[in-house]
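These notes concern the structure reproduced below.
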Amino acid sequence: MARLVSLLVGGAAAVLVLYPIFFLLQASLSVGDPQARPPDAYGLENFADLPRYSHIFANTVTVAVVATVMAVLFGFVMGWILSRTNVPGRAALEQLMALPYYVTPLMGALAWSLIGSPSGGFLNQVWRALGGEGHLIDVTTPYGIAWVMALFEGSVAFVMIGAVMKSMDPALEEASQVLGAGRLRTMLRITLPLVLPGVLGAAIFVFAEMLGSFSAALVLGLPSRFYVVTTAMYQLVSQYPPQFPRAAAMGVSLFAVMFAMVYVYRRVVSRGNYVTITGKAFRPRVMNVGRLRWPLLAVCGAYLGVAVVLPVLTLLYASIQRLATAFPRTGNFTLENYRTALSLDAVRSALWNSLLLGLGTASLGVLIMGFLAWMIYRSRLPGVGAIEYVLMFPQAVPRLVFAFGMLWAWLIVPIPIYGTLWLLLIAYLTVFLPLGLRTISGVILQIDRSLEESAQMCGASWSYRLRTVTVPLLRPGLIAAWLLLFIASVRELGASILLMGPGSKVITPAIVESWFSTSTELTAAMALLQTLAVAIALVLLFTVARRAMQHPGE
Amino acid sequence: MVGSGRKASIEVRDLVVRYGKVAAVRGVSFTVAAGEHLTLLGPSGCGKTTTLRAIAGLEQPESGEIRIDGSPVFASSPRVQVPPEKRGLSMVFQSYAIWPHMTVFDNVAYGLRVRKLPSAEIAERVRGALELVQMGELAARSASKLSGGQQQRVALARAFVFSPSVLLFDEPLSNLDAKLRAEMRLEIKELQRRLDITSVYVTHDLEEALAISDRIVVMRDGVIEQMGTPNEIYDLPRNTFVADFVGSANLIRGRHRPDLERDGLVVLETPGGDIVHGTAHGRRVGTEALLSIRTVHVRLSRERPAGALNVWPATVRRRVFQGDFTQYHVDWSGRSLVIREVATDPLAEGEAVFLIVEPRHCVLLED
């Protein structure tokens, strides 16, 4: 019985993932009428045609490489400072390092565009006021785009590299010193080789993410017609007439490259980790850096400053001005933008839709992904390894590319969900499968199997065990997964921008739309309102949940 | 009232359990009589825990048969696989598996609640069980705030409170420190007798096995090496492995000398030319044979005793004081023996001594 349910649910989830990918492949092979569904002729011409776009592929690689180098550098430096030195306030700083992730590349791009666009950027205004010529910085260049992406992805690299540095047995270094090697020699011969696989793994992971990233390149690159693969795809699909097959071919090639990267990443991680990750929690040896503590603290502050404080303050500053400028002027300040944003029906309904979708995705997602994670990592049913592989697939597919497949897949389904919030719900649940699974499985793997087995030996049936032992023990992981899914859904752009219909607008694409068609000040207000709405929703939910979840015995 | 459960017998026949390609258990058969306390003893990786888990239903064997009270709970053909929760057994886990999100009371009450007993009876029986393991006062405490020994006691109470027909123990004491382990060993023995229940106990600790079992099954590499009462296992090890694993033993190899035999003793001549008298216990003697002598069964004397068999001159090479006993490493005709004696009049290193072993303590091995 349990077996049948598991296989059905697992199978359904696998179909959810593979069905759109099938349509993506089908579209990429369509060489007849580009509008025909299903295609009336098949061939490889779309792929043969890709060299025409070689400059776009070159752009993508340039941006991704530069951004990866910067992000890994940020992550490595921050990881080293926060896990291996006695910099003041380490615990608090480590918590703060999550913030850049919550700022999102879109907000970063909007803010940095306000700061550093060549003509109107605040910094360049100041530069010219001080007597400078032209502009000091230009974020609309490939390097600017990479910079914005790296600020965001730096916190991801930090988490990955920091974990490796922490999980290293300090005795390995101490042994080297006891045997007579100096601090530098130990660093070069022991520490570095040990963390290298972890750093390499993080670099590959970040690079794959960069290849598929969308929002920063869209906001900063579109005005100057600088395209990367994802933005070019978006352009091909949203122009008239849309060029679906060509976009699909681009998506498939990006997917192939990312898939290879993720594969390499897994190989590196599984091979390299045996040295450092022994499953034990070590207290890493903290190096006394003496007076260097303060410069190192300044480095941490600088990263958080440019990745979090500066962007948020810039958006705030722009949002309370009639006409955004670097120099404050009385009479230019206003709350009109917020009033407008809140009174616009489109914005209100988009925000409401997003929160609703976030709630739905998180709640349904925790239920489904919790079950799937339990099935994959606990049930020992045959074939779960293959199911896991398929479910982790969306990790290797940029969300925009995935949404493209879904666009076609669900258009032909007789159920009228195309252009409704339901389609977005399905899309979110699919693309966030790896996120939810990874979060929940982390907790499942920490729970000793015998806790469930002992319930079984007490005579408890499958459902009774699940209710009384498994779910309560998983609660922290389930809550974390719920939060991540909620936040990720409300701020989703790549999939939403393709899949939302006129009656099912959501907030993040609405912000992008506003950026390109209305005023920057209004857009800044909208972006901040979105962040505020997420924060308020979370506080409310937490208060309610905490009251409801108090259980005896603690 | 706790412990009113009926006793059940267990039969395991030709059990084979495989993890992928590796056979963890390779054709194991034994029976546990109703009310008997059986121990599976062996080094790690010998298949003892796997066998126990197969009885519990937590592992799916490849072939063989397991019957509880005569009715099959697992059989390969026709296929029978009764899920663990329907076998009416109970188990104490190595990790205790105490649920950290519940109180002590809730942990113990779990099996009773599963059985939908009225809450008054649940309270009554949980209290009784906790009293029995001396945890009565801590019923309301959160299980996450217990020490290792306390968790162990709760795990015990939880396992027997619902009167299972069989109690399974998976190395329950291996995570405790030595002193607590000795204490709990006694308590478990006490509890077993008091509950009058069938039990199967898994351990790699010889003392534990000897102390609490009616019968011991020694396992290695997925097969049974020897089965018998604690005394049989200790006094009459069947082969080198058992002799070595079950307590420390000196092994003496020699050529069979039937010409010197009398009084039903078996006689070997060592490569050094010494003559050793031993007991065959009906085992077949080859031309080359092996005798096992427990380290505590060799006596050391400064003077040669008169007229005894198995008396040889030797030299004390090393003396190691170990508290309850002193361990001597003795050179005897070019080979080394280990001897443990309660230290009364310690011998000096380098001193010349006589080794004395009664022939009944020289046990012929089968290999």
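A note on labels: chains of the structure tokens are A, B, ... as shown, every chain counts residues from 1, and ligands are counted from 1 in their shown order.
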
Within 12 Å of chain B: residues of chain A, using only C-alpha atoms, as a PyMOL selection string = chain A and resi 379-382+447-465+467-476+550-554

request  = Write out as a list in words each polymer residue whose atoms come within 7 Å of range 201-214 of chain A, counting only C-alpha atoms; drop sequence neighbours fewer than 3 positions from it.
outcome  = Thr60, Ala64, Val65, Thr68, Val72, Glu153, Ala157, Met160, Ile161, Pro197, Gly198, Ala217, Leu218, Thr230, Thr231, Met258, Met261, Val262, Tyr265, Val268, Val269, Pro398 and Gly494 of chain A

ask   = Got a sec: who's within 12 Å of Phe74 in chain B, counting only C-alpha atoms, leaving out chain neighbours fewer than 6 positions off, as a PyMOL selection string?
value = chain B and resi 10-17+54-68+80-84+86-87

Selection to disk with N, CA and C atoms, as an mmCIF file, in the first residue's frame:
data_model
loop_
_atom_site.group_PDB
_atom_site.id
_atom_site.type_symbol
_atom_site.label_atom_id
_atom_site.label_comp_id
_atom_site.auth_asym_id
_atom_site.auth_seq_id
_atom_site.Cartn_x
_atom_site.Cartn_y
_atom_site.Cartn_z
ATOM 1 N N ILE B 10 10.842 -18.857 19.224
ATOM 2 C CA ILE B 10 11.282 -18.354 17.913
ATOM 3 C C ILE B 10 12.057 -19.452 17.211
ATOM 4 N N GLU B 11 11.765 -19.643 15.947
ATOM 5 C CA GLU B 11 12.573 -20.565 15.146
ATOM 6 C C GLU B 11 13.134 -19.798 13.961
ATOM 7 N N VAL B 12 14.440 -19.903 13.758
ATOM 8 C CA VAL B 12 15.075 -19.304 12.587
ATOM 9 C C VAL B 12 15.671 -20.444 11.793
ATOM 10 N N ARG B 13 15.324 -20.521 10.494
ATOM 11 C CA ARG B 13 15.843 -21.638 9.717
ATOM 12 C C ARG B 13 16.467 -21.170 8.408
ATOM 13 N N ASP B 14 17.726 -21.533 8.183
ATOM 14 C CA ASP B 14 18.447 -21.270 6.927
ATOM 15 C C ASP B 14 18.330 -19.815 6.499
ATOM 16 N N LEU B 15 18.461 -18.921 7.462
ATOM 17 C CA LEU B 15 18.269 -17.500 7.160
ATOM 18 C C LEU B 15 19.432 -16.951 6.330
ATOM 19 N N VAL B 16 19.083 -16.274 5.240
ATOM 20 C CA VAL B 16 20.082 -15.592 4.415
ATOM 21 C C VAL B 16 19.630 -14.146 4.240
ATOM 22 N N VAL B 17 20.499 -13.196 4.604
ATOM 23 C CA VAL B 17 20.189 -11.781 4.397
ATOM 24 C C VAL B 17 21.318 -11.177 3.588
ATOM 25 N N ALA B 54 16.273 -9.074 11.349
ATOM 26 C CA ALA B 54 15.426 -9.917 10.499
ATOM 27 C C ALA B 54 14.303 -10.530 11.335
ATOM 28 N N ILE B 55 14.622 -10.913 12.565
ATOM 29 C CA ILE B 55 13.580 -11.435 13.451
ATOM 30 C C ILE B 55 12.557 -10.337 13.730
ATOM 31 N N ALA B 56 13.058 -9.110 13.956
ATOM 32 C CA ALA B 56 12.174 -7.982 14.233
ATOM 33 C C ALA B 56 11.320 -7.641 13.020
ATOM 34 N N GLY B 57 11.838 -7.946 11.822
ATOM 35 C CA GLY B 57 11.118 -7.596 10.602
ATOM 36 C C GLY B 57 11.651 -6.326 9.973
ATOM 37 N N LEU B 58 12.741 -5.784 10.533
ATOM 38 C CA LEU B 58 13.294 -4.534 10.018
ATOM 39 C C LEU B 58 14.212 -4.769 8.824
ATOM 40 N N GLU B 59 14.659 -6.003 8.651
ATOM 41 C CA GLU B 59 15.415 -6.339 7.444
ATOM 42 C C GLU B 59 14.616 -7.377 6.682
ATOM 43 N N GLN B 60 14.720 -7.311 5.368
ATOM 44 C CA GLN B 60 14.016 -8.286 4.554
ATOM 45 C C GLN B 60 14.998 -9.368 4.119
ATOM 46 N N PRO B 61 14.882 -10.572 4.671
ATOM 47 C CA PRO B 61 15.824 -11.628 4.306
ATOM 48 C C PRO B 61 15.618 -12.051 2.864
ATOM 49 N N GLU B 62 16.628 -12.725 2.342
ATOM 50 C CA GLU B 62 16.494 -13.218 0.977
ATOM 51 C C GLU B 62 15.806 -14.577 0.973
ATOM 52 N N SER B 63 16.232 -15.430 1.888
ATOM 53 C CA SER B 63 15.589 -16.738 1.952
ATOM 54 C C SER B 63 15.647 -17.260 3.373
ATOM 55 N N GLY B 64 14.980 -18.381 3.580
ATOM 56 C CA GLY B 64 14.917 -18.964 4.908
ATOM 57 C C GLY B 64 13.528 -18.838 5.486
ATOM 58 N N GLU B 65 13.447 -19.042 6.791
ATOM 59 C CA GLU B 65 12.142 -18.983 7.434
ATOM 60 C C GLU B 65 12.310 -18.524 8.867
ATOM 61 N N ILE B 66 11.390 -17.690 9.327
ATOM 62 C CA ILE B 66 11.370 -17.281 10.730
ATOM 63 C C ILE B 66 9.958 -17.533 11.249
ATOM 64 N N ARG B 67 9.863 -18.288 12.337
ATOM 65 C CA ARG B 67 8.555 -18.537 12.928
ATOM 66 C C ARG B 67 8.537 -17.998 14.340
ATOM 67 N N ILE B 68 7.430 -17.403 14.697
ATOM 68 C CA ILE B 68 7.235 -16.989 16.078
ATOM 69 C C ILE B 68 6.041 -17.771 16.601
ATOM 70 N N VAL B 80 6.085 -14.974 2.698
ATOM 71 C CA VAL B 80 5.421 -14.389 3.857
ATOM 72 C C VAL B 80 6.338 -13.293 4.382
ATOM 73 N N GLN B 81 5.811 -12.127 4.633
ATOM 74 C CA GLN B 81 6.608 -11.066 5.266
ATOM 75 C C GLN B 81 5.665 -10.248 6.131
ATOM 76 N N VAL B 82 5.573 -10.612 7.398
ATOM 77 C CA VAL B 82 4.717 -9.876 8.326
ATOM 78 C C VAL B 82 5.457 -8.610 8.729
ATOM 79 N N PRO B 83 4.811 -7.421 8.592
ATOM 80 C CA PRO B 83 5.517 -6.188 8.962
ATOM 81 C C PRO B 83 5.836 -6.168 10.455
ATOM 82 N N PRO B 84 6.916 -5.462 10.829
ATOM 83 C CA PRO B 84 7.394 -5.468 12.219
ATOM 84 C C PRO B 84 6.294 -5.148 13.229
ATOM 85 N N LYS B 86 3.353 -5.832 13.291
ATOM 86 C CA LYS B 86 2.338 -6.858 13.491
ATOM 87 C C LYS B 86 2.924 -8.125 14.107
ATOM 88 N N ARG B 87 4.205 -8.102 14.482
ATOM 89 C CA ARG B 87 4.826 -9.330 14.979
ATOM 90 C C ARG B 87 4.704 -9.486 16.482
#

key: Contacts of Gly477 in chain A within 7 Å, only C-alpha atoms, excl. fewer than 2 positions in-chain, as an NGL selection string   = :A and (439-440 or 443 or 474-475 or 479-481)

Restricting it to N, CA and C atoms, dump the selection as a JSON list (two decimals), in the first residue's frame.
[["chain", "number", "residue", "atom", "x", "y", "z"],
["A", 439, "THR", "N", 16.51, 21.02, 1.39],
["A", 439, "THR", "CA", 16.32, 21.52, 2.75],
["A", 439, "THR", "C", 15.78, 20.43, 3.66],
["A", 440, "ILE", "N", 14.75, 19.73, 3.18],
["A", 440, "ILE", "CA", 14.11, 18.73, 4.05],
["A", 440, "ILE", "C", 15.01, 17.51, 4.22],
["A", 443, "VAL", "N", 17.49, 17.51, 7.01],
["A", 443, "VAL", "CA", 17.00, 17.17, 8.35],
["A", 443, "VAL", "C", 16.73, 15.68, 8.45],
["A", 474, "LEU", "N", 10.68, 16.13, 12.08],
["A", 474, "LEU", "CA", 11.09, 16.88, 10.88],
["A", 474, "LEU", "C", 10.70, 18.34, 10.95],
["A", 475, "ARG", "N", 9.95, 18.70, 12.00],
["A", 475, "ARG", "CA", 9.34, 20.02, 12.02],
["A", 475, "ARG", "C", 10.30, 21.17, 11.70],
["A", 479, "ILE", "N", 9.67, 23.64, 8.55],
["A", 479, "ILE", "CA", 9.44, 25.08, 8.69],
["A", 479, "ILE", "C", 10.44, 25.85, 7.83],
["A", 480, "ALA", "N", 11.71, 25.43, 7.90],
["A", 480, "ALA", "CA", 12.73, 26.10, 7.09],
["A", 480, "ALA", "C", 12.38, 25.99, 5.61],
["A", 481, "ALA", "N", 11.95, 24.80, 5.19],
["A", 481, "ALA", "CA", 11.60, 24.62, 3.78],
["A", 481, "ALA", "C", 10.42, 25.50, 3.42]]

Just the residues within 10 Å of Leu196 in chain A, please, counting only C-alpha atoms, with nothing from its chain fewer than 4 positions along; format it as a PDB file with C-alpha atoms, in the first residue's frame.
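Result written to around32.pdb:
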ATOM      1  CA  ILE A 161      33.028  27.317   1.277  1.00  0.00           C
ATOM      2  CA  VAL A 164      33.992  23.097   4.106  1.00  0.00           C
ATOM      3  CA  MET A 165      36.311  25.225   6.217  1.00  0.00           C
ATOM      4  CA  THR A 191      44.861  23.743   4.601  1.00  0.00           C
ATOM      5  CA  LEU A 192      44.671  24.773   0.978  1.00  0.00           C
ATOM      6  CA  LEU A 200      36.185  24.119  -6.714  1.00  0.00           C
ATOM      7  CA  GLY A 201      32.757  22.614  -6.074  1.00  0.00           C
ATOM      8  CA  ALA A 202      31.403  25.996  -5.058  1.00  0.00           C
ATOM      9  CA  GLY A 272      36.825  15.683  -2.659  1.00  0.00           C
ATOM     10  CA  ASN A 273      34.828  15.640   0.515  1.00  0.00           C
TER      11      ASN A 273
END

request  = Can you pull out every residue within 10 Å of Gly45 in chain B, counting only C-alpha atoms, but drop anything in the same chain fewer than 2 positions away, and send it as an NGL selection string?
outcome  = :B and (24-25 or 42-43 or 47-50 or 219-222)

task = State, in Å with one decimal place, the distance from CA of Asp235 in chain B to CA of Leu173 in chain B.
result =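 So the answer is 25.1 Å.
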
ask   = What is the CA of Ala67 in chain A-CA of Gly154 in chain A distance in Å, reported with one decimal?
value = 9.2 Å

message = Can you tell me which residues surround range 327-338 of chain B at a distance of at most 8 Å, considering only C-alpha atoms, apart from same-chain residues fewer than 4 positions away, and format the answer as a ChimeraX atom specification?
response = /B:249-250,272,274,295,312-322

Residues from last step as file, C-alpha atoms, as a compact mmCIF listing (two decimals), in the first residue's frame:
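Written file, again_9.txt:
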# COMPACT_ATOMS: atom_id res chain seq x y z
CA ALA B 249 43.18 -18.41 25.50
CA ASN B 250 46.60 -19.92 24.77
CA GLY B 272 59.62 -28.21 21.46
CA ASP B 274 56.98 -31.19 25.60
CA THR B 295 44.85 -17.83 30.59
CA TRP B 312 56.76 -27.58 32.62
CA PRO B 313 59.67 -25.31 33.56
CA ALA B 314 59.45 -21.74 32.20
CA THR B 315 60.72 -18.18 32.69
CA VAL B 316 58.75 -15.04 33.51
CA ARG B 317 59.50 -12.51 30.78
CA ARG B 318 57.07 -9.67 31.52
CA ARG B 319 54.76 -8.88 34.37
CA VAL B 320 51.83 -6.49 33.76
CA PHE B 321 49.83 -5.39 36.77
CA GLN B 322 46.16 -4.93 35.79

request  = Grab the CA of Gly370 in chain A to CA of Ala537 in chain A distance for me, in Å with one decimal place.
outcome  =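 Result for CA of Gly370 in chain A versus CA of Ala537 in chain A: 22.5 Å, one decimal.
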
Give one line per residue of range 217-307 of chain A that approaches range 11-33 of chain A to at most 8 Å, naming the two atoms of the closest pair and their distance in Å to one decimal, counting only C-alpha atoms; sort by chain then ascending residue number and deliver it as CSV.
residue,atom,partner,partner_atom,distance
A:Phe244,CA,A:Ala27,CA,6.9
A:Pro245,CA,A:Ser28,CA,4.7
A:Arg246,CA,A:Ser28,CA,6.5
A:Ala247,CA,A:Ser28,CA,7.5
A:Ala248,CA,A:Ser28,CA,4.6
A:Ala249,CA,A:Ser28,CA,4.4
A:Gly251,CA,A:Leu24,CA,7.8
A:Val252,CA,A:Leu25,CA,6.8

inquiry  = Which residue is closest to Leu351 in chain A? Choose from A:Arg185, A:Lys505, A:Arg90, A:Arg37 and count only C-alpha atoms.
reply    =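 Among the listed residues, the smallest separation from Leu351 in chain A belongs to A:Lys505.
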